[in-house]
$ cat final25.cif   # mmCIF, C-alpha atoms and all ligand atoms
data_my_file
#
loop_
_atom_site.label_atom_id
_atom_site.label_comp_id
_atom_site.auth_asym_id
_atom_site.auth_seq_id
_atom_site.Cartn_x
_atom_site.Cartn_y
_atom_site.Cartn_z
CA MET A 7 114.80 105.01 103.97
CA ASP A 8 117.78 107.25 103.36
CA ALA A 9 120.41 105.85 105.71
CA SER A 10 122.06 109.26 106.08
CA ALA A 11 118.90 110.90 107.45
CA PRO A 12 118.84 111.56 111.20
CA PRO A 13 116.31 109.53 113.15
CA ALA A 14 112.73 110.72 112.91
CA THR A 15 112.62 111.76 116.57
CA ALA A 16 115.50 114.17 116.00
CA HIS A 17 113.44 115.76 113.24
CA ARG A 18 110.30 115.93 115.33
CA ASP A 19 112.13 117.58 118.21
CA ALA A 20 114.09 120.05 116.12
CA GLY A 21 112.94 123.63 115.75
CA ALA A 22 113.90 123.45 112.12
CA ILE A 23 115.22 121.03 109.55
CA LEU A 24 118.06 121.99 107.21
CA SER A 25 118.31 119.76 104.17
CA VAL A 26 121.51 119.96 102.13
CA ASP A 27 121.42 118.40 98.68
CA LEU A 28 124.91 117.00 98.15
CA ALA A 29 123.97 115.74 94.68
CA ALA A 30 123.11 119.33 93.73
CA ILE A 31 126.52 120.50 95.00
CA GLN A 32 128.12 117.81 92.84
CA ALA A 33 126.05 118.83 89.81
CA ASN A 34 127.03 122.47 90.38
CA TRP A 35 130.71 121.53 90.53
CA ARG A 36 130.38 119.59 87.25
CA LEU A 37 128.57 122.49 85.61
CA LEU A 38 131.46 124.82 86.51
CA ARG A 39 134.07 122.25 85.52
CA ASP A 40 132.44 121.83 82.11
CA ARG A 41 132.30 125.58 81.74
CA VAL A 42 136.04 126.08 82.28
CA GLY A 43 137.12 123.43 79.77
CA ARG A 44 140.88 122.91 80.02
CA ALA A 45 141.26 124.70 83.34
CA GLU A 46 141.02 122.69 86.55
CA CYS A 47 138.07 123.33 88.86
CA ALA A 48 138.83 123.46 92.59
CA GLY A 49 136.32 123.59 95.44
CA VAL A 50 136.39 126.26 98.15
CA VAL A 51 135.16 124.75 101.43
CA LYS A 52 136.20 127.41 103.97
CA ALA A 53 133.89 128.41 106.84
CA ASP A 54 132.65 124.84 107.33
CA GLY A 55 131.82 124.44 103.66
CA TYR A 56 129.98 127.80 103.59
CA GLY A 57 128.00 126.70 106.63
CA LEU A 58 126.77 123.45 105.10
CA GLY A 59 129.21 121.04 106.80
CA ILE A 60 132.75 120.55 105.57
CA ALA A 61 132.71 116.87 106.62
CA GLN A 62 129.88 116.16 104.15
CA VAL A 63 130.64 118.74 101.46
CA ALA A 64 134.34 118.03 100.90
CA PRO A 65 133.93 114.26 100.34
CA ALA A 66 130.92 114.90 98.06
CA LEU A 67 133.02 117.25 95.93
CA ALA A 68 135.86 114.73 95.85
CA ALA A 69 133.45 112.01 94.74
CA ALA A 70 132.36 114.28 91.87
CA GLY A 71 136.00 114.55 90.76
CA CYS A 72 137.32 117.61 92.59
CA ARG A 73 140.98 117.21 93.57
CA VAL A 74 141.96 120.71 94.71
CA PHE A 75 140.46 122.37 97.78
CA PHE A 76 140.82 125.80 99.35
CA VAL A 77 140.22 126.59 103.02
CA ALA A 78 140.87 129.78 104.97
CA HIS A 79 142.38 128.42 108.20
CA ALA A 80 144.98 125.72 108.73
CA LEU A 81 142.66 123.81 111.07
CA GLU A 82 140.03 123.68 108.33
CA GLY A 83 142.72 122.14 106.16
CA VAL A 84 143.49 119.58 108.84
CA ARG A 85 139.82 118.54 108.78
CA VAL A 86 139.81 118.17 105.00
CA ARG A 87 143.08 116.23 105.09
CA ALA A 88 141.59 113.71 107.54
CA LEU A 89 138.73 113.13 105.08
CA LEU A 90 140.72 113.26 101.84
CA PRO A 91 144.25 111.86 102.06
CA GLN A 92 144.96 112.51 98.36
CA ALA A 93 143.59 116.03 97.93
CA GLU A 94 145.67 119.11 97.21
CA ILE A 95 144.67 121.56 99.96
CA PHE A 96 145.53 125.26 99.90
CA VAL A 97 145.28 127.39 103.04
CA LEU A 98 144.32 130.93 102.06
CA HIS A 99 145.50 132.56 105.28
CA GLY A 100 149.02 131.35 104.74
CA CYS A 101 151.59 130.41 107.32
CA MET A 102 151.65 133.47 109.59
CA ALA A 103 148.25 132.85 111.17
CA SER A 104 149.21 129.24 111.81
CA ASP A 105 152.12 127.04 112.77
CA PRO A 106 154.24 125.99 109.75
CA GLU A 107 154.67 122.60 111.41
CA VAL A 108 150.91 122.00 111.41
CA LEU A 109 150.72 122.88 107.73
CA GLU A 110 153.62 120.68 106.83
CA ALA A 111 152.59 117.74 109.02
CA HIS A 112 149.21 117.59 107.29
CA GLY A 113 150.47 118.18 103.79
CA LEU A 114 148.74 121.56 103.50
CA THR A 115 149.99 124.13 101.02
CA PRO A 116 149.96 127.70 102.34
CA VAL A 117 148.99 130.63 100.16
CA LEU A 118 151.82 133.05 101.00
CA ASN A 119 150.53 136.61 101.08
CA ALA A 120 153.63 138.65 101.94
CA PRO A 121 157.41 138.39 101.51
CA GLY A 122 157.79 137.79 105.26
CA GLU A 123 155.67 134.68 104.94
CA VAL A 124 157.84 133.43 102.11
CA VAL A 125 160.86 133.89 104.36
CA ALA A 126 159.18 132.02 107.22
CA TRP A 127 158.06 129.12 105.01
CA ALA A 128 161.50 128.89 103.38
CA ALA A 129 163.12 128.86 106.82
CA HIS A 130 160.85 126.00 107.86
CA ALA A 131 161.75 124.13 104.69
CA ARG A 132 165.46 124.50 105.46
CA ARG A 133 164.91 123.33 109.03
CA MET A 134 163.11 120.27 107.71
CA GLY A 135 165.74 119.71 105.07
CA ARG A 136 163.25 119.51 102.24
CA ARG A 137 161.56 121.67 99.62
CA LEU A 138 158.02 122.74 100.53
CA ARG A 139 155.22 123.68 98.19
CA ALA A 140 153.50 127.04 98.34
CA ALA A 141 151.13 129.29 96.43
CA LEU A 142 151.83 132.99 96.09
CA GLN A 143 149.00 135.49 96.24
CA VAL A 144 149.53 138.79 94.49
CA ASP A 145 147.27 141.75 95.14
CA THR A 146 145.92 143.11 91.86
CA GLY A 147 143.43 145.52 93.42
CA MET A 148 141.41 143.83 96.13
CA ALA A 149 143.82 145.25 98.74
CA ARG A 150 142.91 142.61 101.31
CA MET A 151 145.61 139.96 101.09
CA GLY A 152 148.55 139.35 98.84
CA MET A 153 151.88 140.90 97.99
CA THR A 154 152.44 143.82 95.66
CA LEU A 155 153.41 143.29 92.04
CA ALA A 156 156.90 144.63 92.84
CA GLN A 157 157.32 142.17 95.72
CA ALA A 158 156.25 139.30 93.47
CA ASP A 159 158.70 140.48 90.81
CA ALA A 160 161.51 140.50 93.36
CA LEU A 161 160.69 136.94 94.45
CA ALA A 162 160.64 135.76 90.84
CA THR A 163 164.31 136.71 90.50
CA ASP A 164 165.38 135.41 93.93
CA THR A 165 167.69 132.55 93.00
CA GLY A 166 167.77 131.15 96.54
CA LEU A 167 164.02 130.68 96.83
CA PRO A 168 163.57 127.66 94.53
CA HIS A 169 165.94 125.60 96.70
CA ALA A 170 163.55 125.87 99.65
CA VAL A 171 160.12 126.62 98.20
CA ASP A 172 158.39 125.06 95.24
CA VAL A 173 156.00 127.75 94.03
CA CYS A 174 153.22 125.65 92.50
CA LEU A 175 150.53 128.32 92.02
CA VAL A 176 150.34 132.08 91.57
CA MET A 177 146.96 133.57 92.31
CA SER A 178 145.01 136.75 92.83
CA HIS A 179 141.42 137.59 93.75
CA LEU A 180 138.83 139.74 91.96
CA ALA A 181 137.02 142.53 93.79
CA CYS A 182 134.01 143.07 91.48
CA ALA A 183 133.58 139.81 89.57
CA GLU A 184 129.82 139.50 90.13
CA GLU A 185 129.37 142.76 88.18
CA GLN A 186 130.17 141.61 84.68
CA ASP A 187 130.49 145.08 83.18
CA HIS A 188 132.72 146.50 85.91
CA SER A 189 135.87 147.95 84.34
CA PHE A 190 137.95 146.89 87.36
CA ASN A 191 137.76 143.25 86.24
CA ALA A 192 139.85 143.93 83.13
CA GLN A 193 142.26 146.11 85.12
CA GLN A 194 142.90 143.31 87.58
CA ARG A 195 143.29 140.82 84.76
CA GLU A 196 145.94 142.99 83.10
CA ALA A 197 147.86 143.27 86.35
CA PHE A 198 147.60 139.49 86.77
CA GLU A 199 148.98 138.95 83.25
CA ARG A 200 152.16 140.69 84.34
CA VAL A 201 152.47 138.41 87.39
CA ARG A 202 151.94 135.38 85.27
CA ARG A 203 154.65 136.33 82.78
CA ARG A 204 157.09 136.53 85.69
CA TRP A 205 156.25 132.96 86.75
CA PRO A 206 156.27 130.96 83.50
CA GLY A 207 155.30 127.33 83.84
CA VAL A 208 153.63 127.89 87.22
CA ARG A 209 149.87 127.34 87.42
CA ALA A 210 147.85 130.55 87.60
CA SER A 211 144.46 131.20 89.24
CA LEU A 212 142.29 134.32 89.28
CA ALA A 213 138.60 133.42 89.21
CA ASN A 214 136.19 132.75 92.07
CA SER A 215 132.62 131.64 91.23
CA SER A 216 131.68 134.92 89.57
CA GLY A 217 135.03 135.20 87.83
CA ILE A 218 134.29 131.97 85.94
CA PHE A 219 131.36 133.73 84.28
CA LEU A 220 133.57 136.59 83.06
CA GLY A 221 134.73 134.21 80.34
CA PRO A 222 137.74 132.09 79.35
CA ASP A 223 140.20 135.01 79.67
CA TYR A 224 139.71 134.74 83.42
CA HIS A 225 140.02 130.98 83.80
CA TYR A 226 143.80 130.48 83.55
CA ASP A 227 144.86 127.06 84.90
CA LEU A 228 142.69 126.75 87.99
CA VAL A 229 139.37 128.29 89.07
CA ARG A 230 138.31 128.61 92.73
CA PRO A 231 134.52 128.54 93.06
CA GLY A 232 132.86 128.51 96.45
CA ALA A 233 129.45 130.18 96.64
CA ALA A 234 128.15 128.95 93.26
CA LEU A 235 128.73 125.34 94.35
CA TYR A 236 126.25 125.97 97.15
CA GLY A 237 123.63 127.56 94.89
CA VAL A 238 124.43 131.27 95.23
CA ALA A 239 123.85 133.22 91.99
CA PRO A 240 127.26 134.04 90.46
CA VAL A 241 126.17 136.89 88.20
CA ALA A 242 124.34 139.92 89.61
CA GLY A 243 121.06 140.64 87.84
CA ALA A 244 121.13 137.50 85.67
CA PRO A 245 119.22 134.21 85.97
CA ASN A 246 120.95 131.78 88.32
CA PRO A 247 122.34 128.75 86.44
CA MET A 248 123.20 126.88 89.66
CA LEU A 249 120.95 124.24 91.23
CA PRO A 250 119.42 125.07 94.63
CA VAL A 251 121.18 123.23 97.45
CA VAL A 252 119.46 124.09 100.72
CA ARG A 253 115.98 123.81 102.13
CA LEU A 254 115.19 125.19 105.58
CA GLN A 255 111.91 124.13 107.16
CA ALA A 256 110.85 125.79 110.39
CA ARG A 257 108.42 124.34 112.90
CA VAL A 258 105.30 126.27 113.88
CA ILE A 259 105.12 126.55 117.68
CA GLN A 260 101.81 128.33 118.03
CA VAL A 261 99.06 129.94 115.93
CA HIS A 262 96.94 132.68 117.43
CA GLY A 263 94.80 135.64 116.45
CA VAL A 264 95.41 139.33 117.12
CA ALA A 265 92.82 142.06 116.84
CA ALA A 266 93.11 145.18 114.69
CA GLY A 267 95.27 147.68 116.56
CA GLN A 268 97.32 145.06 118.43
CA THR A 269 101.07 145.04 117.99
CA VAL A 270 103.31 142.02 117.56
CA GLY A 271 106.76 141.46 119.02
CA TYR A 272 109.59 143.42 120.63
CA GLY A 273 109.46 147.15 120.30
CA ARG A 274 105.88 147.00 118.96
CA THR A 275 107.18 147.70 115.45
CA TRP A 276 104.25 146.03 113.64
CA THR A 277 100.57 146.80 114.17
CA ALA A 278 97.71 144.70 112.82
CA THR A 279 95.39 146.81 110.65
CA GLN A 280 92.74 144.07 110.70
CA PRO A 281 92.14 140.82 112.59
CA THR A 282 95.22 138.74 111.80
CA ARG A 283 96.35 135.20 112.42
CA ILE A 284 99.93 134.91 113.59
CA ALA A 285 102.07 131.77 113.45
CA THR A 286 105.17 131.74 115.60
CA ILE A 287 108.01 129.60 114.25
CA SER A 288 110.92 128.07 116.10
CA VAL A 289 113.70 129.92 114.24
CA GLY A 290 115.22 133.26 115.19
CA TYR A 291 118.34 135.27 114.74
CA ALA A 292 120.31 132.81 116.85
CA ASP A 293 119.60 130.33 114.04
CA GLY A 294 120.80 132.64 111.30
CA LEU A 295 117.56 134.32 110.28
CA PRO A 296 118.87 137.89 110.20
CA ARG A 297 117.22 140.37 112.53
CA SER A 298 117.19 142.68 109.51
CA ALA A 299 114.56 140.33 108.01
CA SER A 300 112.08 141.76 110.56
CA SER A 301 108.84 142.75 108.75
CA ARG A 302 110.66 142.28 105.41
CA ALA A 303 111.19 138.61 104.57
CA CYS A 304 108.64 135.85 103.92
CA ALA A 305 108.27 132.21 104.79
CA TRP A 306 106.36 129.95 102.44
CA PHE A 307 103.72 127.27 102.84
CA GLU A 308 102.64 125.33 99.76
CA GLY A 309 103.41 128.31 97.55
CA VAL A 310 101.68 130.90 99.78
CA PRO A 311 103.92 133.71 101.08
CA LEU A 312 103.75 134.26 104.85
CA PRO A 313 105.25 137.68 105.67
CA VAL A 314 107.44 138.09 108.73
CA VAL A 315 105.68 140.59 110.96
CA GLY A 316 107.44 142.41 113.76
CA ARG A 317 110.95 141.79 114.98
CA VAL A 318 112.77 138.52 114.55
CA SER A 319 113.51 137.28 118.09
CA MET A 320 116.44 135.15 119.19
CA ASP A 321 114.63 131.81 118.99
CA SER A 322 111.38 132.61 117.25
CA THR A 323 109.77 134.68 114.54
CA THR A 324 106.17 135.73 113.90
CA LEU A 325 104.44 135.30 110.54
CA ASP A 326 101.16 136.65 109.21
CA VAL A 327 99.33 133.49 108.09
CA SER A 328 95.90 135.05 107.51
CA GLN A 329 96.02 134.11 103.81
CA LEU A 330 95.82 130.42 104.72
CA ALA A 331 92.55 128.73 105.62
CA PRO A 332 92.62 128.19 109.43
CA ASP A 333 92.76 124.41 109.20
CA ARG A 334 95.86 124.34 106.96
CA LEU A 335 98.50 125.40 109.44
CA HIS A 336 98.79 124.51 113.12
CA ALA A 337 101.36 123.96 115.86
CA GLY A 338 103.78 121.33 114.57
CA SER A 339 103.41 122.28 110.88
CA LEU A 340 106.54 123.08 108.90
CA VAL A 341 106.97 126.22 106.78
CA ASP A 342 109.84 126.90 104.37
CA LEU A 343 112.28 129.71 105.05
CA LEU A 344 114.52 128.60 102.18
CA ASP A 345 113.45 126.38 99.31
CA ALA A 346 114.15 125.82 95.63
CA GLN A 347 112.02 128.79 94.56
CA HIS A 348 113.06 131.14 97.38
CA GLY A 349 116.70 130.55 98.06
CA VAL A 350 119.52 132.20 99.95
CA ASP A 351 119.77 135.10 97.50
CA ALA A 352 116.08 135.97 97.89
CA LEU A 353 116.24 135.89 101.70
CA ALA A 354 119.46 137.90 101.52
CA ALA A 355 117.88 140.55 99.32
CA GLU A 356 114.92 140.85 101.71
CA SER A 357 117.31 141.14 104.65
CA GLY A 358 119.80 143.58 103.15
CA THR A 359 122.70 141.13 102.93
CA ILE A 360 124.18 138.59 100.50
CA GLY A 361 123.56 134.89 100.01
CA TYR A 362 127.05 134.15 101.33
CA GLU A 363 126.16 135.60 104.72
CA ILE A 364 122.84 133.72 104.89
CA LEU A 365 124.65 130.42 104.20
CA THR A 366 127.53 130.93 106.60
CA SER A 367 125.17 132.07 109.37
CA LEU A 368 122.97 128.95 109.19
CA GLY A 369 122.31 127.79 112.71
CA ARG A 370 123.91 125.07 114.73
CA ARG A 371 120.75 123.63 116.28
CA TYR A 372 118.92 122.52 113.15
CA ALA A 373 118.35 118.85 112.46
CA ARG A 374 120.54 118.40 109.41
CA ASN A 375 119.55 116.16 106.63
CA TYR A 376 122.04 115.34 103.85
CA LEU A 377 120.45 114.24 100.60
CA GLY A 378 122.07 112.39 97.74
CA ALA A 379 125.19 111.41 99.64
C1 LIG B 1 136.36 132.76 99.31
C2 LIG B 1 137.34 132.83 98.19
C3 LIG B 1 137.06 132.23 96.96
C4 LIG B 1 135.70 131.66 96.63
O1 LIG B 1 134.86 132.76 96.32
P1 LIG B 1 133.33 132.57 95.88
O2 LIG B 1 132.92 133.97 95.55
O3 LIG B 1 132.63 132.01 97.05
O4 LIG B 1 133.34 131.68 94.70
C5 LIG B 1 138.05 132.18 96.00
N1 LIG B 1 139.26 132.75 96.25
C6 LIG B 1 139.56 133.37 97.40
C7 LIG B 1 140.89 133.98 97.59
C8 LIG B 1 138.60 133.44 98.41
O5 LIG B 1 138.87 134.08 99.54
#
$ encode --input "final25.cif" --output "structure tokens" --more "lines below"
Ligand SMILES: *Cc1c(COP(=O)(O)O)cnc(C)c1O
Amino acid sequence: MDASAPPATAHRDAGAILSVDLAAIQANWRLLRDRVGRAECAGVVKADGYGLGIAQVAPALAAAGCRVFFVAHALEGVRVRALLPQAEIFVLHGCMASDPEVLEAHGLTPVLNAPGEVVAWAAHARRMGRRLRAALQVDTGMARMGMTLAQADALATDTGLPHAVDVCLVMSHLACAEEQDHSFNAQQREAFERVRRRWPGVRASLANSSGIFLGPDYHYDLVRPGAALYGVAPVAGAPNPMLPVVRLQARVIQVHGVAAGQTVGYGRTWTATQPTRIATISVGYADGLPRSASSRACAWFEGVPLPVVGRVSMDSTTLDVSQLAPDRLHAGSLVDLLDAQHGVDALAAESGTIGYEILTSLGRRYARNYLGA
């Protein structure tokens, strides 16, 4: 038996079972690493490893060969540091949202997003009497975080800065990378070229998952994939080259029949047009099945689609299971909400969101099963 699997009773009592294939995450990281050739491939593990569990995901990536990690918050970095004493860990939200002492004490490298942050980090370095590493983020068009090109230029000629701060990475972030033909990609790349010329000899990084698939011009020295590691399709409208990572199996609580004309669920939004068998499963919006999946998404049982009918409730959801012979599904059966054929992107499309949001909303009360650890 897989020693990492929770005990069988935990599975039997859980409303749903989330299986995370760590070997698939490792294979996805290697696929991206091979694709970027000379560039280094980092791993983005913010938001609890995109909802899959940072404590399992980060060590799995490290075991595959990943040495550079990105998190959003300092406390996420502290968690990764406890697991990976040797890793290089960048904190995307910099040193304003968090205490410089926490960053420094745990060997975390802030991504500095504004000149004021550079000043604060340099001041901390002087207080500590040593040079501290930092990344600089320059805004090339995302207009979310990062300093202007002019501010970055000014820092590049600041002769005092190198005494306090060792700028070890310059980076920017793409706004439209999943749309390969979007003209904004090339515009941002041109702006980034200018930044890079101002910081010769410093590592440069532009690409997230999707950016990797824009080609070698976007790879620079370091790429920063997150979503693709976890199976999200990196290129809109193209076949997904990544391996599926998650399976979500929901428990059937009850199966019952409704007559033609009866409605199902809150608000009576769905009406049976013929006698219908309904299975109620033990997963609802509190578990990350979006309420917008109401009457739109499907669960699956041995390849048969089971449409969600009526509103998704907090803890439960109703499915039309009339297509299955009555003896095939009963209370206690498991149906798939996510599987290798119908992954996070498919559920996202049915629910009007993106795979990223499905992953990072995955519930906290699933029995979690880590495969291939
Ligand atoms: C989240 C994030 C990434 C990873 O993006 P994916 O699209 O998940 O690959 C990379 N860089 C920055 C700055 C980010 O915020």
$ atom_distance --input "final25.cif" --atom1 "atom CA of A:Gln347" --atom2 "atom CA of A:Gly263"
28.7 Å
$ residues_around --input "final25.cif" --residues "A:Ala149" --least-positions-apart "5" --cutoff "10 Å" --atoms "only C-alpha atoms" --output "PyMOL selection string"
chain A and resi 144+154+179+181
$ residues_near_point --input "final25.cif" --point "(141.2, 124.2, 89.6)" --cutoff "10 Å" --atoms "all atoms listed in the file" --output "PDB file with C-alpha atoms, keeping the file's coordinate frame"
ATOM      1  CA  ARG A  39     134.070 122.250  85.520  1.00  0.00           C
ATOM      2  CA  VAL A  42     136.040 126.080  82.280  1.00  0.00           C
ATOM      3  CA  ARG A  44     140.880 122.910  80.020  1.00  0.00           C
ATOM      4  CA  ALA A  45     141.260 124.700  83.340  1.00  0.00           C
ATOM      5  CA  GLU A  46     141.020 122.690  86.550  1.00  0.00           C
ATOM      6  CA  CYS A  47     138.070 123.330  88.860  1.00  0.00           C
ATOM      7  CA  ALA A  48     138.830 123.460  92.590  1.00  0.00           C
ATOM      8  CA  GLY A  49     136.320 123.590  95.440  1.00  0.00           C
ATOM      9  CA  CYS A  72     137.320 117.610  92.590  1.00  0.00           C
ATOM     10  CA  ARG A  73     140.980 117.210  93.570  1.00  0.00           C
ATOM     11  CA  VAL A  74     141.960 120.710  94.710  1.00  0.00           C
ATOM     12  CA  PHE A  75     140.460 122.370  97.780  1.00  0.00           C
ATOM     13  CA  PHE A  76     140.820 125.800  99.350  1.00  0.00           C
ATOM     14  CA  ARG A 209     149.870 127.340  87.420  1.00  0.00           C
ATOM     15  CA  ALA A 210     147.850 130.550  87.600  1.00  0.00           C
ATOM     16  CA  SER A 211     144.460 131.200  89.240  1.00  0.00           C
ATOM     17  CA  ALA A 213     138.600 133.420  89.210  1.00  0.00           C
ATOM     18  CA  HIS A 225     140.020 130.980  83.800  1.00  0.00           C
ATOM     19  CA  TYR A 226     143.800 130.480  83.550  1.00  0.00           C
ATOM     20  CA  ASP A 227     144.860 127.060  84.900  1.00  0.00           C
ATOM     21  CA  LEU A 228     142.690 126.750  87.990  1.00  0.00           C
ATOM     22  CA  VAL A 229     139.370 128.290  89.070  1.00  0.00           C
ATOM     23  CA  ARG A 230     138.310 128.610  92.730  1.00  0.00           C
ATOM     24  CA  PRO A 231     134.520 128.540  93.060  1.00  0.00           C
TER      25      PRO A 231
END
$ residues_near_ligand --input "final25.cif" --ligand "ligand LIG 1 (chain B)" --cutoff "10 Å" --atoms "all atoms listed in the file" --output "number ranges by chain"
A: 48-53, 56, 76-78, 97-99, 117, 143, 148, 150-152, 177-181, 183-184, 211-218, 229-236, 238-240, 361-362
$ write_last_selection --input "final25.cif" --atoms "C-alpha atoms" --output "PDB file, in the frame of the given file"
ATOM      1  CA  ALA A  48     138.830 123.460  92.590  1.00  0.00           C
ATOM      2  CA  GLY A  49     136.320 123.590  95.440  1.00  0.00           C
ATOM      3  CA  VAL A  50     136.390 126.260  98.150  1.00  0.00           C
ATOM      4  CA  VAL A  51     135.160 124.750 101.430  1.00  0.00           C
ATOM      5  CA  LYS A  52     136.200 127.410 103.970  1.00  0.00           C
ATOM      6  CA  ALA A  53     133.890 128.410 106.840  1.00  0.00           C
ATOM      7  CA  TYR A  56     129.980 127.800 103.590  1.00  0.00           C
ATOM      8  CA  PHE A  76     140.820 125.800  99.350  1.00  0.00           C
ATOM      9  CA  VAL A  77     140.220 126.590 103.020  1.00  0.00           C
ATOM     10  CA  ALA A  78     140.870 129.780 104.970  1.00  0.00           C
ATOM     11  CA  VAL A  97     145.280 127.390 103.040  1.00  0.00           C
ATOM     12  CA  LEU A  98     144.320 130.930 102.060  1.00  0.00           C
ATOM     13  CA  HIS A  99     145.500 132.560 105.280  1.00  0.00           C
ATOM     14  CA  VAL A 117     148.990 130.630 100.160  1.00  0.00           C
ATOM     15  CA  GLN A 143     149.000 135.490  96.240  1.00  0.00           C
ATOM     16  CA  MET A 148     141.410 143.830  96.130  1.00  0.00           C
ATOM     17  CA  ARG A 150     142.910 142.610 101.310  1.00  0.00           C
ATOM     18  CA  MET A 151     145.610 139.960 101.090  1.00  0.00           C
ATOM     19  CA  GLY A 152     148.550 139.350  98.840  1.00  0.00           C
ATOM     20  CA  MET A 177     146.960 133.570  92.310  1.00  0.00           C
ATOM     21  CA  SER A 178     145.010 136.750  92.830  1.00  0.00           C
ATOM     22  CA  HIS A 179     141.420 137.590  93.750  1.00  0.00           C
ATOM     23  CA  LEU A 180     138.830 139.740  91.960  1.00  0.00           C
ATOM     24  CA  ALA A 181     137.020 142.530  93.790  1.00  0.00           C
ATOM     25  CA  ALA A 183     133.580 139.810  89.570  1.00  0.00           C
ATOM     26  CA  GLU A 184     129.820 139.500  90.130  1.00  0.00           C
ATOM     27  CA  SER A 211     144.460 131.200  89.240  1.00  0.00           C
ATOM     28  CA  LEU A 212     142.290 134.320  89.280  1.00  0.00           C
ATOM     29  CA  ALA A 213     138.600 133.420  89.210  1.00  0.00           C
ATOM     30  CA  ASN A 214     136.190 132.750  92.070  1.00  0.00           C
ATOM     31  CA  SER A 215     132.620 131.640  91.230  1.00  0.00           C
ATOM     32  CA  SER A 216     131.680 134.920  89.570  1.00  0.00           C
ATOM     33  CA  GLY A 217     135.030 135.200  87.830  1.00  0.00           C
ATOM     34  CA  ILE A 218     134.290 131.970  85.940  1.00  0.00           C
ATOM     35  CA  VAL A 229     139.370 128.290  89.070  1.00  0.00           C
ATOM     36  CA  ARG A 230     138.310 128.610  92.730  1.00  0.00           C
ATOM     37  CA  PRO A 231     134.520 128.540  93.060  1.00  0.00           C
ATOM     38  CA  GLY A 232     132.860 128.510  96.450  1.00  0.00           C
ATOM     39  CA  ALA A 233     129.450 130.180  96.640  1.00  0.00           C
ATOM     40  CA  ALA A 234     128.150 128.950  93.260  1.00  0.00           C
ATOM     41  CA  LEU A 235     128.730 125.340  94.350  1.00  0.00           C
ATOM     42  CA  TYR A 236     126.250 125.970  97.150  1.00  0.00           C
ATOM     43  CA  VAL A 238     124.430 131.270  95.230  1.00  0.00           C
ATOM     44  CA  ALA A 239     123.850 133.220  91.990  1.00  0.00           C
ATOM     45  CA  PRO A 240     127.260 134.040  90.460  1.00  0.00           C
ATOM     46  CA  GLY A 361     123.560 134.890 100.010  1.00  0.00           C
ATOM     47  CA  TYR A 362     127.050 134.150 101.330  1.00  0.00           C
TER      48      TYR A 362
END
$ closest_residue --input "final25.cif" --among "A:Asp164, A:Ala158, A:Gly349, A:Val261" --to "A:Asn246" --atoms "all atoms listed in the file"
A:Gly349
$ residues_around --input "final25.cif" --residues "stretch 256-259 of chain A" --least-positions-apart "2" --cutoff "12 Å" --atoms "all atoms listed in the file" --output "ChimeraX atom specification"
/A:17-25,253-254,261-262,284-290,293,295,305-307,321-325,327,334-345,369,371-373
$ atom_distance --input "final25.cif" --atom1 "atom CA of A:Arg374" --atom2 "atom CA of A:Val63"
12.9 Å
$ residues_around --input "final25.cif" --residues "A:Thr275" --least-positions-apart "2" --cutoff "10 Å" --atoms "all atoms listed in the file" --output "short mmCIF file (atom, residue, chain, number, x, y, z; two decimals) with C-alpha atoms, in the frame of the given file"
data_model
loop_
_atom_site.label_atom_id
_atom_site.label_comp_id
_atom_site.auth_asym_id
_atom_site.auth_seq_id
_atom_site.Cartn_x
_atom_site.Cartn_y
_atom_site.Cartn_z
CA THR A 269 101.07 145.04 117.99
CA VAL A 270 103.31 142.02 117.56
CA GLY A 271 106.76 141.46 119.02
CA TYR A 272 109.59 143.42 120.63
CA GLY A 273 109.46 147.15 120.30
CA THR A 277 100.57 146.80 114.17
CA SER A 300 112.08 141.76 110.56
CA SER A 301 108.84 142.75 108.75
CA VAL A 315 105.68 140.59 110.96
CA GLY A 316 107.44 142.41 113.76
CA ARG A 317 110.95 141.79 114.98
#
$ residues_around --input "final25.cif" --residues "A:Leu89" --least-positions-apart "6" --cutoff "8 Å" --atoms "only C-alpha atoms" --output "PyMOL selection string"
chain A and resi 61+64-65
$ write_last_selection --input "final25.cif" --atoms "C-alpha atoms" --output "JSON list (two decimals), in the frame of the given file"
[["chain", "number", "residue", "atom", "x", "y", "z"],
["A", 61, "ALA", "CA", 132.71, 116.87, 106.62],
["A", 64, "ALA", "CA", 134.34, 118.03, 100.90],
["A", 65, "PRO", "CA", 133.93, 114.26, 100.34]]
$ residues_near_point --input "final25.cif" --point "(108.0, 138.6, 101.7)" --cutoff "8 Å" --atoms "all atoms listed in the file" --output "list in words"
Arg302, Ala303, Cys304, Ala305, Pro311, Leu312, Pro313, Val314 and Glu356 of chain A
$ residues_around --input "final25.cif" --residues "A:Arg133" --least-positions-apart "5" --cutoff "10 Å" --atoms "only C-alpha atoms" --output "PyMOL selection string"
chain A and resi 127-128+170
$ atom_distance --input "final25.cif" --atom1 "atom CA of A:Val201" --atom2 "atom CA of A:Gly147"
13.0 Å
$ axis_aligned_box --input "final25.cif" --around "stretch 63-82 of chain A" --padding-each-side "5 Å" --output "lines of an AutoDock Vina configuration file"
center_x = 137.8
center_y = 120.9
center_z = 100.9
size_x = 24.3
size_y = 27.8
size_z = 30.3
$ closest_residue --input "final25.cif" --among "A:Ala126, A:Leu58, A:Leu81, A:Ala131" --to "A:Leu368" --atoms "only C-alpha atoms"
A:Leu58
$ closest_residue --input "final25.cif" --among "A:Ala111, A:Ala379, A:Ala265, A:Val171" --to "A:Thr279" --atoms "all atoms listed in the file"
A:Ala265
$ closest_residue --input "final25.cif" --among "A:Gly243, A:Gly55, A:Pro121, A:Gly207" --to "A:Leu175" --atoms "only C-alpha atoms"
A:Gly207
